Amino acid sequence: MTDELGEVIVEAIRNGTYLKVTAVHVATGTEATAVGPAHEPRAVERLAVAKLRRVLAGR
């Protein structure tokens with residue numbers, strides 16, 4: 001995934017009915033994680049990336 005943040009790696013791990021998505025900013029190694037329903041993977045991914053943006057903005 002690449003956008004105004006630069007390169008971001010997104011990893012998703014399913015655990016039953018839940019999905020854990022971690023977004024990693026490649027340039028800084030900063031991570032943000034979101035957990036949500038496994039049947040909404042794109043929504044959980046958007047949440048993880050939004051959290052990553054907030055974390056990077058606060059630096």
# chains A, B, ... in the order shown; residues from 1 in each chain; ligands from 1
$ residues_around --residues "Val55 (chain A)" --least-positions-apart "5" --cutoff "12 Å" --atoms "only C-alpha atoms" --output "ChimeraX atom specification"
/A:5,23-25,28-33,48-50
$ write_last_selection --atoms "N, CA, C and O atoms" --output "PDB file, in the first residue's frame"
ATOM      1  N   LEU A   5       1.387   8.685   2.828  1.00  0.00           N
ATOM      2  CA  LEU A   5       2.186   8.233   3.969  1.00  0.00           C
ATOM      3  C   LEU A   5       3.517   7.651   3.532  1.00  0.00           C
ATOM      4  O   LEU A   5       4.425   7.523   4.334  1.00  0.00           O
ATOM      5  N   ALA A  23      -0.829  -2.256  10.573  1.00  0.00           N
ATOM      6  CA  ALA A  23      -0.280  -1.412   9.514  1.00  0.00           C
ATOM      7  C   ALA A  23       1.084  -0.910   9.991  1.00  0.00           C
ATOM      8  O   ALA A  23       1.189  -0.369  11.096  1.00  0.00           O
ATOM      9  N   VAL A  24       2.105  -1.099   9.166  1.00  0.00           N
ATOM     10  CA  VAL A  24       3.473  -0.711   9.526  1.00  0.00           C
ATOM     11  C   VAL A  24       3.978   0.319   8.526  1.00  0.00           C
ATOM     12  O   VAL A  24       3.967   0.074   7.316  1.00  0.00           O
ATOM     13  N   HIS A  25       4.424   1.463   9.029  1.00  0.00           N
ATOM     14  CA  HIS A  25       5.023   2.507   8.194  1.00  0.00           C
ATOM     15  C   HIS A  25       6.481   2.118   7.973  1.00  0.00           C
ATOM     16  O   HIS A  25       7.271   2.062   8.924  1.00  0.00           O
ATOM     17  N   THR A  28       9.596   4.463   9.117  1.00  0.00           N
ATOM     18  CA  THR A  28       9.848   4.692  10.539  1.00  0.00           C
ATOM     19  C   THR A  28       9.716   3.439  11.393  1.00  0.00           C
ATOM     20  O   THR A  28      10.139   3.435  12.545  1.00  0.00           O
ATOM     21  N   GLY A  29       9.082   2.398  10.870  1.00  0.00           N
ATOM     22  CA  GLY A  29       8.851   1.190  11.664  1.00  0.00           C
ATOM     23  C   GLY A  29       7.700   1.328  12.639  1.00  0.00           C
ATOM     24  O   GLY A  29       7.475   0.452  13.463  1.00  0.00           O
ATOM     25  N   THR A  30       6.960   2.413  12.537  1.00  0.00           N
ATOM     26  CA  THR A  30       5.823   2.649  13.422  1.00  0.00           C
ATOM     27  C   THR A  30       4.674   1.712  13.057  1.00  0.00           C
ATOM     28  O   THR A  30       4.381   1.525  11.882  1.00  0.00           O
ATOM     29  N   GLU A  31       4.013   1.154  14.088  1.00  0.00           N
ATOM     30  CA  GLU A  31       2.910   0.222  13.875  1.00  0.00           C
ATOM     31  C   GLU A  31       1.633   0.728  14.518  1.00  0.00           C
ATOM     32  O   GLU A  31       1.666   1.404  15.538  1.00  0.00           O
ATOM     33  N   ALA A  32       0.509   0.347  13.912  1.00  0.00           N
ATOM     34  CA  ALA A  32      -0.811   0.573  14.495  1.00  0.00           C
ATOM     35  C   ALA A  32      -1.646  -0.667  14.209  1.00  0.00           C
ATOM     36  O   ALA A  32      -1.565  -1.241  13.124  1.00  0.00           O
ATOM     37  N   THR A  33      -2.438  -1.082  15.192  1.00  0.00           N
ATOM     38  CA  THR A  33      -3.216  -2.308  15.076  1.00  0.00           C
ATOM     39  C   THR A  33      -4.687  -2.027  15.329  1.00  0.00           C
ATOM     40  O   THR A  33      -5.035  -1.215  16.183  1.00  0.00           O
ATOM     41  N   ALA A  48      -7.001   0.498  10.811  1.00  0.00           N
ATOM     42  CA  ALA A  48      -5.588   0.381  11.173  1.00  0.00           C
ATOM     43  C   ALA A  48      -4.754   1.471  10.497  1.00  0.00           C
ATOM     44  O   ALA A  48      -3.893   2.080  11.136  1.00  0.00           O
ATOM     45  N   VAL A  49      -5.020   1.744   9.232  1.00  0.00           N
ATOM     46  CA  VAL A  49      -4.272   2.780   8.516  1.00  0.00           C
ATOM     47  C   VAL A  49      -4.612   4.168   9.076  1.00  0.00           C
ATOM     48  O   VAL A  49      -3.727   5.020   9.228  1.00  0.00           O
ATOM     49  N   ALA A  50      -5.873   4.392   9.428  1.00  0.00           N
ATOM     50  CA  ALA A  50      -6.257   5.673  10.022  1.00  0.00           C
ATOM     51  C   ALA A  50      -5.560   5.874  11.371  1.00  0.00           C
ATOM     52  O   ALA A  50      -5.088   6.980  11.683  1.00  0.00           O
TER      53      ALA A  50
END
$ select_by_dssp --residues "chain A" --states "alpha helix (DSSP H)" --output "JSON, numbers by chain"
{"A": [41, 42, 43, 44, 45, 46, 47, 48, 49, 50, 51, 52, 53, 54, 55, 56, 57]}
$ closest_residue --among "A:Thr17, A:Arg54, A:Glu4, A:Thr22" --to "His39 (chain A)" --atoms "only C-alpha atoms"
A:Thr17
$ closest_residue --among "A:Val26, A:Leu19, A:Arg59, A:Ile9" --to "Arg42 (chain A)" --atoms "only C-alpha atoms"
A:Leu19
$ closest_residue --among "A:Ala12, A:Glu7, A:Leu52, A:Ala57" --to "Gly36 (chain A)" --atoms "only C-alpha atoms"
A:Ala12
$ select_by_dssp --residues "chain A" --states "strand (DSSP E or B)" --output "ChimeraX atom specification"
/A:2-3,6-15,18-25,30-37
$ closest_residue --among "A:Gly58, A:Ala34, A:Leu47, A:Gly6" --to "Lys20 (chain A)" --atoms "only C-alpha atoms"
A:Ala34
$ atom_distance --atom1 "CA of Ala43 (chain A)" --atom2 "CA of Ile13 (chain A)"
14.2 Å
$ atom_distance --atom1 "CA of Arg14 (chain A)" --atom2 "CA of Ala38 (chain A)"
6.7 Å
